[in-house]
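What's in start_29.cif: mmCIF, C-alpha atoms
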```cif
data_structure
#
loop_
_atom_site.label_atom_id
_atom_site.label_comp_id
_atom_site.auth_asym_id
_atom_site.auth_seq_id
_atom_site.Cartn_x
_atom_site.Cartn_y
_atom_site.Cartn_z
CA MET A 5 43.37 -8.72 -36.21
CA SER A 6 40.10 -9.62 -34.51
CA LEU A 7 38.91 -7.66 -31.48
CA ALA A 8 36.66 -8.98 -28.73
CA THR A 9 33.02 -8.60 -29.76
CA PRO A 10 30.89 -6.53 -27.35
CA GLU A 11 28.24 -8.54 -25.52
CA GLN A 12 25.20 -6.95 -27.16
CA ILE A 13 26.60 -7.51 -30.65
CA ARG A 14 27.57 -11.07 -29.75
CA LYS A 15 23.98 -11.72 -28.63
CA LEU A 16 22.67 -10.29 -31.90
CA GLN A 17 24.99 -12.50 -33.94
CA GLN A 18 24.20 -15.57 -31.87
CA GLY A 19 20.47 -14.99 -32.29
CA LEU A 20 20.80 -14.63 -36.06
CA TYR A 21 22.96 -17.75 -36.31
CA LEU A 22 20.64 -19.92 -34.19
CA LYS A 23 17.57 -18.79 -36.13
CA ALA A 24 19.28 -19.52 -39.47
CA LYS A 25 20.57 -22.89 -38.26
CA ALA A 26 17.23 -23.99 -36.84
CA GLU A 27 15.24 -22.95 -39.92
CA PRO A 28 17.21 -23.55 -43.15
CA ASN A 29 14.46 -22.05 -45.28
CA PHE A 30 13.86 -18.96 -43.16
CA ARG A 31 14.37 -15.63 -44.93
CA PHE A 32 15.38 -12.55 -42.97
CA TYR A 33 13.24 -9.45 -43.56
CA SER A 34 14.64 -6.90 -41.12
CA LEU A 35 18.42 -6.55 -41.08
CA TYR A 36 19.33 -3.16 -42.50
CA ASP A 37 18.52 -1.24 -39.31
CA LYS A 38 21.05 -3.39 -37.44
CA ILE A 39 24.04 -2.15 -39.41
CA TYR A 40 23.65 1.50 -38.36
CA ARG A 41 23.25 0.73 -34.68
CA THR A 42 25.70 2.90 -32.76
CA ASP A 43 27.43 -0.05 -31.07
CA VAL A 44 27.74 -1.93 -34.37
CA LEU A 45 29.28 1.03 -36.20
CA HIS A 46 31.73 1.76 -33.38
CA HIS A 47 32.88 -1.87 -33.26
CA ALA A 48 33.12 -1.94 -37.07
CA TYR A 49 35.34 1.16 -36.93
CA ARG A 50 37.62 -0.45 -34.33
CA GLN A 51 37.95 -3.56 -36.49
CA VAL A 52 38.85 -1.51 -39.57
CA ARG A 53 41.26 0.63 -37.57
CA SER A 54 43.07 -2.46 -36.25
CA ASN A 55 43.86 -3.56 -39.82
CA HIS A 56 46.00 -0.43 -40.43
CA GLY A 57 44.74 -0.14 -44.01
CA ALA A 58 45.62 2.59 -46.50
CA PRO A 59 43.22 5.42 -47.44
CA GLY A 60 40.92 5.10 -50.44
CA VAL A 61 40.27 7.54 -53.28
CA ASP A 62 39.24 10.34 -50.91
CA GLY A 63 42.59 10.30 -49.11
CA VAL A 64 40.92 10.12 -45.68
CA SER A 65 43.14 8.26 -43.21
CA ILE A 66 42.57 7.01 -39.67
CA GLU A 67 44.65 9.95 -38.45
CA LYS A 68 42.35 12.44 -40.21
CA ILE A 69 39.25 10.76 -38.80
CA GLU A 70 40.61 10.82 -35.26
CA ALA A 71 41.69 14.45 -35.61
CA GLN A 72 38.14 15.30 -36.71
CA GLY A 73 36.60 13.16 -33.99
CA VAL A 74 35.55 9.53 -34.39
CA ASP A 75 32.11 10.01 -32.81
CA GLU A 76 31.28 12.87 -35.16
CA TRP A 77 32.57 10.96 -38.21
CA LEU A 78 30.57 7.84 -37.34
CA ALA A 79 27.46 9.91 -36.63
CA GLY A 80 27.66 11.25 -40.18
CA LEU A 81 27.95 7.73 -41.62
CA GLN A 82 25.11 6.57 -39.38
CA THR A 83 22.84 9.34 -40.67
CA GLU A 84 23.66 8.50 -44.30
CA LEU A 85 22.85 4.84 -43.72
CA ARG A 86 19.69 5.50 -41.71
CA THR A 87 18.28 7.92 -44.30
CA ARG A 88 19.47 5.64 -47.13
CA GLN A 89 21.50 8.47 -48.63
CA TYR A 90 24.70 6.46 -48.38
CA ARG A 91 26.49 5.70 -51.65
CA PRO A 92 29.96 4.09 -51.87
CA LYS A 93 32.81 5.98 -53.45
CA PRO A 94 34.95 4.43 -56.20
CA VAL A 95 37.38 1.70 -55.18
CA ARG A 96 41.07 2.55 -55.57
CA ARG A 97 42.82 -0.21 -57.50
CA VAL A 98 46.47 -1.04 -56.95
CA MET A 99 48.47 -3.86 -58.49
CA ILE A 100 50.47 -6.06 -56.14
CA PRO A 101 53.10 -8.60 -57.16
CA LYS A 102 52.10 -12.27 -57.21
CA PRO A 103 54.53 -14.77 -55.64
CA GLY A 104 54.87 -16.68 -58.91
CA GLY A 105 55.31 -13.57 -61.03
CA GLY A 106 52.89 -11.12 -62.53
CA GLU A 107 50.45 -8.93 -60.62
CA ARG A 108 46.96 -9.16 -59.21
CA PRO A 109 44.54 -6.28 -58.62
CA LEU A 110 43.65 -5.22 -55.11
CA GLY A 111 40.69 -2.93 -54.50
CA ILE A 112 40.94 -0.43 -51.64
CA PRO A 113 37.58 1.10 -50.65
CA THR A 114 37.52 4.29 -48.61
CA LEU A 115 37.59 3.92 -44.81
CA ARG A 116 33.98 5.10 -44.74
CA ASP A 117 32.99 2.27 -47.09
CA ARG A 118 35.12 -0.27 -45.22
CA VAL A 119 33.37 0.58 -41.94
CA ALA A 120 29.95 0.26 -43.60
CA GLN A 121 30.96 -3.08 -45.13
CA MET A 122 32.33 -4.31 -41.80
CA ALA A 123 29.03 -3.43 -40.10
CA ALA A 124 27.09 -5.33 -42.78
CA LYS A 125 29.46 -8.28 -42.49
CA MET A 126 28.90 -8.45 -38.73
CA VAL A 127 25.16 -8.80 -39.35
CA LEU A 128 25.21 -11.07 -42.40
CA GLU A 129 28.03 -13.45 -41.52
CA PRO A 130 26.18 -15.38 -38.76
CA ILE A 131 23.30 -16.07 -41.15
CA PHE A 132 25.48 -17.41 -43.94
CA GLU A 133 27.72 -19.28 -41.49
CA ALA A 134 24.72 -21.44 -40.64
CA ASP A 135 24.58 -22.57 -44.28
CA PHE A 136 28.26 -22.98 -45.15
CA GLU A 137 29.53 -26.48 -45.76
CA PRO A 138 32.00 -27.90 -43.21
CA ASN A 139 34.70 -28.49 -45.85
CA ALA A 140 35.09 -24.73 -46.51
CA TYR A 141 37.85 -23.13 -44.42
CA GLY A 142 38.62 -19.72 -45.92
CA TYR A 143 37.82 -16.44 -44.17
CA ARG A 144 35.48 -18.00 -41.63
CA PRO A 145 35.36 -17.41 -37.87
CA GLY A 146 37.00 -20.21 -35.94
CA ARG A 147 38.59 -21.70 -39.08
CA SER A 148 41.93 -21.15 -40.75
CA ALA A 149 44.23 -22.18 -43.55
CA GLY A 150 46.03 -24.29 -40.96
CA ASP A 151 42.86 -26.32 -40.41
CA ALA A 152 42.55 -26.94 -44.16
CA ILE A 153 46.22 -27.99 -44.36
CA LYS A 154 45.79 -30.45 -41.50
CA ARG A 155 42.64 -31.88 -43.09
CA VAL A 156 44.39 -32.47 -46.42
CA HIS A 157 47.30 -34.15 -44.65
CA THR A 158 44.96 -36.37 -42.62
CA LEU A 159 43.07 -37.49 -45.73
CA LEU A 160 46.31 -38.36 -47.52
CA ILE A 161 47.40 -40.49 -44.57
CA GLN A 162 44.00 -42.22 -44.72
CA GLY A 163 44.64 -43.23 -48.33
CA TYR A 164 42.94 -40.44 -50.32
CA THR A 165 46.01 -40.09 -52.52
CA ASP A 166 44.53 -39.48 -55.99
CA VAL A 167 44.30 -35.72 -56.09
CA VAL A 168 42.58 -33.07 -58.18
CA ASP A 169 44.86 -30.06 -57.71
CA ALA A 170 42.42 -27.37 -58.86
CA ASP A 171 42.83 -23.70 -59.73
CA LEU A 172 39.93 -21.40 -60.52
CA SER A 173 40.46 -18.83 -63.25
CA LYS A 174 40.10 -15.26 -61.87
CA TYR A 175 37.45 -16.28 -59.37
CA PHE A 176 36.92 -12.93 -57.63
CA ASP A 177 36.75 -11.13 -60.98
CA THR A 178 34.23 -13.50 -62.58
CA ILE A 179 31.53 -14.03 -59.93
CA PRO A 180 28.31 -12.98 -61.73
CA HIS A 181 26.43 -10.26 -59.86
CA ASP A 182 22.92 -11.49 -60.64
CA ALA A 183 23.61 -15.04 -59.51
CA LEU A 184 25.45 -13.82 -56.41
CA LEU A 185 22.60 -11.54 -55.40
CA LYS A 186 20.19 -14.46 -55.85
CA SER A 187 22.39 -16.46 -53.47
CA VAL A 188 22.12 -13.64 -50.93
CA ALA A 189 18.36 -13.34 -51.46
CA ARG A 190 17.80 -16.99 -50.60
CA ARG A 191 18.33 -15.90 -47.01
CA VAL A 192 17.97 -12.11 -47.07
CA VAL A 193 14.89 -10.36 -48.44
CA ASP A 194 15.49 -7.02 -46.78
CA GLY A 195 15.38 -4.73 -49.83
CA ALA A 196 17.62 -2.06 -48.30
CA MET A 197 20.31 -4.62 -47.46
CA LEU A 198 20.20 -6.14 -50.93
CA GLU A 199 20.44 -2.68 -52.47
CA LEU A 200 23.46 -1.90 -50.30
CA ILE A 201 25.28 -5.05 -51.43
CA LYS A 202 24.46 -4.21 -55.04
CA PHE A 203 25.97 -0.72 -54.57
CA TRP A 204 29.22 -2.27 -53.37
CA LEU A 205 29.35 -4.80 -56.20
CA LYS A 206 28.87 -2.08 -58.77
CA ALA A 207 31.08 0.61 -57.25
CA PRO A 208 33.34 2.12 -59.93
CA VAL A 209 37.04 1.31 -59.86
CA GLU A 210 39.63 4.08 -60.07
CA GLU A 211 42.77 3.03 -61.93
CA SER A 212 45.99 4.90 -62.66
CA GLY A 213 46.89 5.15 -66.33
CA HIS A 214 50.38 4.90 -67.79
CA ASP A 215 50.38 8.69 -68.15
CA GLY A 216 49.73 9.14 -64.42
CA GLY A 217 46.10 10.13 -64.94
CA LYS A 218 43.09 8.51 -63.29
CA ARG A 219 40.23 6.72 -65.01
CA LEU A 220 37.08 5.02 -63.79
CA THR A 221 36.00 1.57 -64.93
CA GLY A 222 33.15 -0.72 -63.99
CA GLY A 223 30.28 0.96 -62.22
CA ALA A 224 26.59 0.36 -62.83
CA ALA A 225 27.27 -1.38 -66.14
CA SER A 226 29.50 -4.06 -64.58
CA THR A 227 27.99 -7.53 -64.40
CA CYS A 228 30.58 -9.58 -62.51
CA GLY A 229 33.32 -9.48 -59.91
CA THR A 230 33.75 -8.53 -56.27
CA PRO A 231 36.98 -6.60 -55.61
CA GLN A 232 39.70 -8.34 -53.63
CA GLY A 233 40.40 -6.00 -50.75
CA GLY A 234 36.80 -5.15 -49.90
CA VAL A 235 35.75 -6.14 -46.37
CA ILE A 236 32.56 -7.80 -47.59
CA SER A 237 34.18 -9.55 -50.57
CA PRO A 238 35.46 -12.72 -48.81
CA LEU A 239 32.03 -13.37 -47.29
CA LEU A 240 30.30 -12.96 -50.66
CA ALA A 241 32.94 -15.09 -52.39
CA ASN A 242 32.44 -17.85 -49.80
CA LEU A 243 28.69 -17.66 -50.28
CA TYR A 244 28.99 -18.17 -54.02
CA MET A 245 31.57 -20.96 -53.74
CA ASN A 246 29.25 -22.68 -51.27
CA ARG A 247 26.92 -23.44 -54.18
CA MET A 248 29.43 -25.93 -55.59
CA LEU A 249 30.19 -27.43 -52.19
CA LYS A 250 26.50 -27.88 -51.42
CA TYR A 251 25.98 -29.48 -54.82
CA TRP A 252 28.84 -31.89 -53.99
CA ARG A 253 27.06 -32.99 -50.81
CA ARG A 254 23.58 -33.21 -52.29
CA ARG A 255 24.82 -35.31 -55.20
CA ASP A 256 26.57 -37.63 -52.72
CA CYS A 257 29.86 -37.07 -54.55
CA GLY A 258 31.87 -38.21 -51.56
CA ALA A 259 30.52 -41.73 -51.99
CA ARG A 260 30.43 -41.61 -55.81
CA PHE A 261 34.08 -40.64 -56.13
CA GLN A 262 35.32 -42.08 -52.83
CA ALA A 263 36.58 -38.59 -52.23
CA GLU A 264 36.53 -35.49 -50.07
CA ILE A 265 36.88 -31.88 -51.11
CA VAL A 266 38.77 -29.27 -49.09
CA SER A 267 38.16 -25.64 -50.00
CA TYR A 268 39.80 -22.39 -48.97
CA ALA A 269 38.16 -19.39 -50.69
CA ASP A 270 38.94 -19.91 -54.40
CA ASP A 271 41.47 -22.72 -53.80
CA PHE A 272 40.32 -26.30 -53.48
CA VAL A 273 41.58 -29.85 -53.81
CA ILE A 274 39.67 -33.08 -54.24
CA LEU A 275 41.29 -36.10 -52.59
CA SER A 276 40.07 -39.45 -53.86
CA ARG A 277 40.71 -43.16 -53.63
CA GLY A 278 41.25 -43.91 -57.29
CA LYS A 279 38.59 -41.68 -58.88
CA ALA A 280 40.27 -38.33 -59.32
CA GLU A 281 39.61 -38.18 -63.07
CA PRO A 282 35.78 -38.45 -62.87
CA ALA A 283 35.88 -36.07 -59.89
CA LEU A 284 37.69 -33.53 -62.07
CA GLU A 285 35.08 -33.89 -64.82
CA TRP A 286 32.36 -33.35 -62.24
CA ALA A 287 34.12 -30.22 -60.98
CA LYS A 288 34.33 -28.76 -64.50
CA GLU A 289 30.65 -29.45 -65.14
CA SER A 290 29.39 -28.15 -61.78
CA LEU A 291 31.50 -24.99 -61.95
CA GLY A 292 30.21 -24.36 -65.46
CA ARG A 293 26.67 -24.41 -64.03
CA ILE A 294 27.53 -21.39 -61.90
CA HIS A 295 29.54 -19.62 -64.63
CA LEU A 296 33.00 -20.35 -63.24
CA VAL A 297 35.96 -21.88 -65.07
CA LEU A 298 38.93 -23.97 -64.02
CA ASN A 299 42.33 -22.76 -65.12
CA GLU A 300 43.31 -25.69 -67.36
CA LYS A 301 47.02 -24.86 -67.25
CA LYS A 302 47.19 -24.88 -63.45
CA THR A 303 44.70 -27.67 -62.74
CA SER A 304 46.11 -31.18 -62.72
CA LEU A 305 45.72 -34.73 -61.45
CA ARG A 306 48.32 -35.97 -58.97
CA ASP A 307 49.17 -39.31 -57.47
CA ALA A 308 50.39 -38.30 -54.01
CA ARG A 309 52.08 -41.68 -53.56
CA LYS A 310 54.52 -40.75 -56.33
CA GLU A 311 54.57 -36.96 -56.67
CA MET A 312 54.15 -33.81 -54.63
CA PHE A 313 51.45 -31.17 -54.95
CA ASP A 314 51.09 -27.73 -53.37
CA PHE A 315 48.12 -26.30 -51.50
CA LEU A 316 48.00 -23.13 -49.40
CA GLY A 317 51.78 -22.78 -49.36
CA TYR A 318 52.46 -26.40 -48.33
CA SER A 319 53.79 -29.32 -50.34
CA PHE A 320 52.20 -32.72 -49.76
CA GLY A 321 53.34 -36.18 -50.82
CA GLN A 322 55.78 -38.95 -50.04
CA SER A 323 59.04 -38.20 -48.25
CA ARG A 324 61.61 -40.23 -46.36
CA TYR A 325 62.77 -39.95 -42.78
CA TRP A 326 66.23 -38.41 -42.75
CA LYS A 327 67.51 -40.94 -40.22
CA THR A 328 66.08 -44.24 -41.49
CA GLY A 329 65.03 -43.62 -45.08
CA GLN A 330 61.54 -44.94 -44.30
CA ALA A 331 58.77 -43.45 -46.45
CA TYR A 332 55.99 -41.36 -44.90
CA THR A 333 53.29 -38.94 -46.03
CA SER A 334 54.61 -35.45 -45.46
CA ALA A 335 53.30 -31.92 -45.27
CA SER A 336 55.94 -29.20 -45.33
CA PRO A 337 56.43 -25.58 -46.43
CA SER A 338 56.69 -25.55 -50.20
CA ALA A 339 59.82 -24.51 -52.07
CA LYS A 340 57.98 -21.38 -53.23
CA SER A 341 57.12 -20.49 -49.64
CA VAL A 342 60.73 -20.88 -48.55
CA SER A 343 61.86 -18.80 -51.53
CA ARG A 344 59.33 -16.11 -50.62
CA VAL A 345 60.56 -15.70 -47.05
CA LYS A 346 64.12 -15.51 -48.35
CA GLU A 347 63.04 -12.67 -50.65
CA ASN A 348 61.51 -10.89 -47.66
CA VAL A 349 64.74 -11.32 -45.68
CA ARG A 350 66.78 -9.97 -48.57
CA ALA A 351 64.43 -6.98 -48.91
CA VAL A 352 64.87 -6.05 -45.24
CA LEU A 353 68.67 -6.30 -45.44
CA GLN A 354 69.35 -4.77 -48.82
CA GLY A 355 71.17 -1.51 -49.33
CA ASN A 356 73.50 0.50 -47.10
CA HIS A 357 70.80 2.37 -45.20
CA ASN A 358 71.68 3.89 -41.85
CA THR A 359 68.75 2.50 -39.90
CA PRO A 360 69.85 1.43 -36.39
CA TRP A 361 70.57 -2.29 -36.20
CA GLU A 362 67.91 -2.75 -33.52
CA ASP A 363 65.23 -1.48 -35.91
CA VAL A 364 66.52 -3.63 -38.78
CA ARG A 365 66.61 -6.66 -36.50
CA ASP A 366 63.06 -6.05 -35.24
CA GLN A 367 61.76 -5.75 -38.78
CA LEU A 368 63.59 -8.93 -39.78
CA ASN A 369 62.28 -10.81 -36.75
CA MET A 370 58.74 -9.70 -37.50
CA LYS A 371 59.03 -11.23 -40.98
CA LEU A 372 60.55 -14.47 -39.66
CA ARG A 373 58.08 -14.92 -36.83
CA GLY A 374 55.13 -14.18 -39.09
CA TRP A 375 56.31 -16.80 -41.57
CA ALA A 376 57.00 -19.38 -38.86
CA SER A 377 53.65 -18.79 -37.17
CA TYR A 378 51.95 -20.00 -40.37
CA PHE A 379 54.48 -22.64 -41.37
CA ASN A 380 54.66 -24.51 -38.07
CA TYR A 381 52.93 -27.75 -39.03
CA GLY A 382 54.37 -30.99 -40.33
CA SER A 383 57.93 -31.53 -41.55
CA VAL A 384 59.59 -28.18 -40.91
CA ARG A 385 63.08 -29.26 -39.87
CA LYS A 386 64.64 -29.00 -43.34
CA PRO A 387 62.97 -25.73 -44.48
CA TYR A 388 63.62 -24.09 -41.09
CA ARG A 389 67.28 -25.06 -41.37
CA ALA A 390 67.47 -23.65 -44.91
CA VAL A 391 65.92 -20.35 -43.78
CA ASN A 392 68.20 -20.11 -40.74
CA HIS A 393 71.31 -20.61 -42.88
CA TYR A 394 70.10 -18.03 -45.39
CA VAL A 395 69.32 -15.52 -42.63
CA CYS A 396 72.74 -16.06 -41.06
CA ASP A 397 74.52 -15.49 -44.40
CA GLN A 398 72.48 -12.39 -45.23
CA VAL A 399 72.82 -10.81 -41.79
CA ARG A 400 76.57 -11.47 -41.79
CA HIS A 401 76.93 -9.91 -45.25
CA PHE A 402 74.80 -6.93 -44.20
CA LEU A 403 76.79 -6.26 -41.03
CA ALA A 404 80.19 -6.85 -42.65
CA ARG A 405 79.28 -4.33 -45.32
CA ARG A 406 77.94 -1.86 -42.77
CA HIS A 407 81.08 -2.12 -40.64
CA LYS A 408 83.34 -2.05 -43.73
CA LEU A 409 85.12 -5.26 -42.76
CA PRO A 410 87.84 -6.50 -45.14
CA THR A 411 86.63 -10.07 -44.64
CA ARG A 412 83.27 -11.83 -44.84
CA GLY A 413 82.88 -11.37 -41.09
CA CYS A 414 82.50 -15.07 -40.27
CA ARG A 415 84.38 -14.79 -36.97
CA ARG A 416 82.93 -11.52 -35.78
CA PHE A 417 79.40 -12.40 -36.83
CA SER A 418 79.22 -16.09 -36.08
CA TRP A 419 76.05 -18.18 -35.99
CA SER A 420 75.95 -18.02 -32.18
CA SER A 421 76.36 -14.25 -32.10
CA ILE A 422 73.77 -13.58 -34.83
CA PHE A 423 71.16 -15.77 -33.17
CA GLY A 424 72.37 -14.84 -29.69
CA GLU A 425 73.60 -11.42 -28.65
CA LEU A 426 72.50 -9.74 -31.89
CA GLY A 427 68.95 -10.95 -31.25
CA VAL A 428 67.94 -12.43 -34.61
CA SER A 429 65.15 -15.00 -34.29
CA GLU A 430 66.25 -18.55 -35.07
CA LEU A 431 63.47 -20.74 -36.42
CA ASN A 432 62.90 -23.77 -34.22
CA ARG A 433 59.97 -26.13 -33.96
CA ARG A 434 57.82 -25.45 -30.94
CA LYS A 435 57.79 -28.37 -28.54
CA ASP A 436 53.99 -28.54 -28.68
CA ALA A 437 53.79 -28.30 -32.50
CA PRO A 438 52.35 -31.29 -34.40
CA SER A 439 54.89 -33.31 -36.33
CA CYS A 440 54.98 -35.88 -39.07
CA ALA A 441 58.76 -36.18 -39.15
#
```

Once more with this new file: its structure as structure tokens, please.
Amino acid sequence: MSLATPEQIRKLQQGLYLKAKAEPNFRFYSLYDKIYRTDVLHHAYRQVRSNHGAPGVDGVSIEKIEAQGVDEWLAGLQTELRTRQYRPKPVRRVMIPKPGGGERPLGIPTLRDRVAQMAAKMVLEPIFEADFEPNAYGYRPGRSAGDAIKRVHTLLIQGYTDVVDADLSKYFDTIPHDALLKSVARRVVDGAMLELIKFWLKAPVEESGHDGGKRLTGGAASTCGTPQGGVISPLLANLYMNRMLKYWRRRDCGARFQAEIVSYADDFVILSRGKAEPALEWAKESLGRIHLVLNEKKTSLRDARKEMFDFLGYSFGQSRYWKTGQAYTSASPSAKSVSRVKENVRAVLQGNHNTPWEDVRDQLNMKLRGWASYFNYGSVRKPYRAVNHYVCDQVRHFLARRHKLPTRGCRRFSWSSIFGELGVSELNRRKDAPSCA
């Protein structure tokens, strides 16, 4: 969630952006004092609070901070930053399931560290935004995954159908600290700010052992990685990835490979007119220059005229109109994305819990609306229909079980009643949504 930026902070950010944009070689010497400004810290706290994040290793929650008094708590952080006594606490690591199986680590800094990182992000982001390449869409103000999806679809329609479907191997874990800090220092030479970023990069990680005990890893000896979950991490990851994108432009790769690259954080695709293979070789070589590696098992070449490929939860390629059979270039929610929302539906409706139906319905609707708000572009008729049928079946089964009906409940809990009087959200294309089918 993004809150409205106060006027004085907006003016600060605008000034930093315009200076960086007007003078590409300018280096900023005085930034650190901006992050402990009272208005900056208060807005940073509101941003962190709006994300409803979990406590870090110290167990301090938003509720505890507000019971203590927000002004007093922020004044303490401000003093630590101003006197340069601030040091980040270890990052709490949790493992979260990956959609395709397995787990990925998520780092949860303390709320104190998240507020400090948010304040630094508010100051640094306008500077780096001035330098970011236009084909990068991830975690940037005014840009979204939806914009990247639409760009890929547009390029395919324009004939860029030879595709490098790329996957970086453990990108966030392998970004080298020294090279990343050099990337920051190309624009920022404020020693206190650079030191602060280094502290965050080298913060120890607290992990839970199999025996239930805690152990610390990383710390000052670590040489690479920026934890997923840190407020500042996406900005730093974008900054490092921008090296490859800038190299692409400076080497005139668009003309060389008759191609365009579309990047979202650590995901990117190269769409070419017949030169995907040399573009892939270039990508391997250029990533190697900055100590990154493509995942060979997940990176492939695709001919979008004959086969589908997935990017950011969407499948792209050739489909046929359901009425006429005519071929067209489609973009639609991928099979994995549809399967994922079905899993979420099943999780809400599982068990014989005694939660009031209104609460169950609201939780279910929140899941469905959240999914549909992202997957509302392109050919959604078929996946929406599949999700609606699944939801209807699962809700009917849930209610028949709850009411101990001897039948499946098809008459009592019909389609019209489930998506009508019972209030379950039925997925339907918005009238103003873009369509390709």

Checklist outcome for this item: Across A:Val428, A:Ala152, A:Ala404, A:Leu240, the smallest distance to Ala183 in chain A, with all atoms listed in the file counted, is shown by A:Leu240

Next on the checklist: Considering only C-alpha atoms, can you say which of A:Leu298, A:Leu284, A:Ala263, A:Val52 comes closest to Thr165 in chain A?
Outcome noted: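 Among A:Leu298, A:Leu284, A:Ala263, A:Val52, it is A:Ala263 that comes nearest to Thr165 in chain A.
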
Checklist entry - What's the 8 Å shell around Ser173 in chain A, counting only C-alpha atoms, without same-chain residues fewer than 3 positions away, as a VMD selection string? => result chain A and resid 296 to 299

Checklist entry - Can you tell me, as number ranges by chain, what residues are no more than 6 Å from Ala134 in chain A when counting all atoms listed in the file, ignoring any on the same chain fewer than 6 positions away? => result A: 21, 24-25

Next on the checklist: If we draw a sphere of 12 Å around (38.5, -22.9, -48.1), which residues have at least one atom in it when counting all atoms listed in the file? Please report them as a ChimeraX atom specification.
Outcome noted: /A:136-144,147-153,155-156,238-239,241-243,245-246,249,265-274,315-316

Checklist outcome for this item: A straight line from CA of Trp204 in chain A to CA of Thr42 in chain A spans 21.5 Å

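CA of Glu129 in chain A to CA of His56 in chain A spans 22.2 Å [interatomic distance, one decimal].
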
Next on the checklist: Take the PyMOL selection byres ((chain A and resi 181) around 10), run it mentally on this structure, and tell me the resulting residues as JSON, numbers by chain.
Outcome noted: {"A": [178, 179, 180, 182, 183, 184, 185, 186, 187, 201, 202, 205, 206, 226, 227, 228, 229, 230]}

Checklist entry - Expanded to explicit residues, what is the PyMOL selection byres ((chain A and resi 345) around 8) for this file, as a PyMOL selection string? => result chain A and resi 341-344+346-349+371-372+375+391

Which residues of range 307-385 of chain A have any atom within 12 Å of an atom in range 410-423 of chain A when counting only C-alpha atoms, and what is the closest pair of atoms for each, with the distance in Å to one decimal? Order the rows by chain and rising number and write it as a Markdown table.
```
| residue | atom | partner | partner_atom | distance |
| --- | --- | --- | --- | --- |
| A:Trp361 | CA | A:Ile422 | CA | 11.8 |
| A:Arg365 | CA | A:Ile422 | CA | 10.1 |
| A:Asn369 | CA | A:Phe423 | CA | 10.8 |
```

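Considering the residues A:Pro28, A:Tyr251, A:Ser54, A:Thr303 and counting only C-alpha atoms, Glu289 in chain A has its shortest atom-to-atom contact with A:Tyr251.
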
Next on the checklist: Give me the residues near Leu22 in chain A as a ChimeraX atom specification, where near means some atom within 12 Å (using only C-alpha atoms) and where sequence neighbours in that chain fewer than 6 positions away do not count.
Outcome noted: /A:15-16,28,30,130-135

Checklist entry - Exactly which residues make up the result of the PyMOL selection byres ((chain A and resi 63) around 12) on this file, given as a PyMOL selection string? => result chain A and resi 57-62+64-69+93-96+112-116

Checklist entry - How far is it from CA of Asp256 in chain A to CA of Ala283 in chain A, in Å with one decimal? => result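 Calculated distance between CA of Asp256 in chain A and CA of Ala283 in chain A is 11.9 Å.
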
Checklist entry - Using only C-alpha atoms, can you list as a VMD selection string the residues within 7 Å of (66.0, -20.1, -36.4)? => result chain A and resid 388 392 429 to 432

Using 8 Å as the limit and counting only C-alpha atoms, can you tabulate each residue of range 38-58 of chain A that touches range 10-14 of chain A, with its shortest atom-to-atom distance in Å and the two atoms involved, as CSV?
```
residue,atom,partner,partner_atom,distance
A:Asp43,CA,A:Ile13,CA,7.5
A:Val44,CA,A:Ile13,CA,6.8
A:His47,CA,A:Pro10,CA,7.8
```

Item to check | Counting only C-alpha atoms, the option among A:Arg41, A:Lys288, A:Lys386, A:His393 closest to Leu85 in chain A | outcome: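 Going through A:Arg41, A:Lys288, A:Lys386, A:His393 one by one, the smallest distance to Leu85 in chain A is for A:Arg41.
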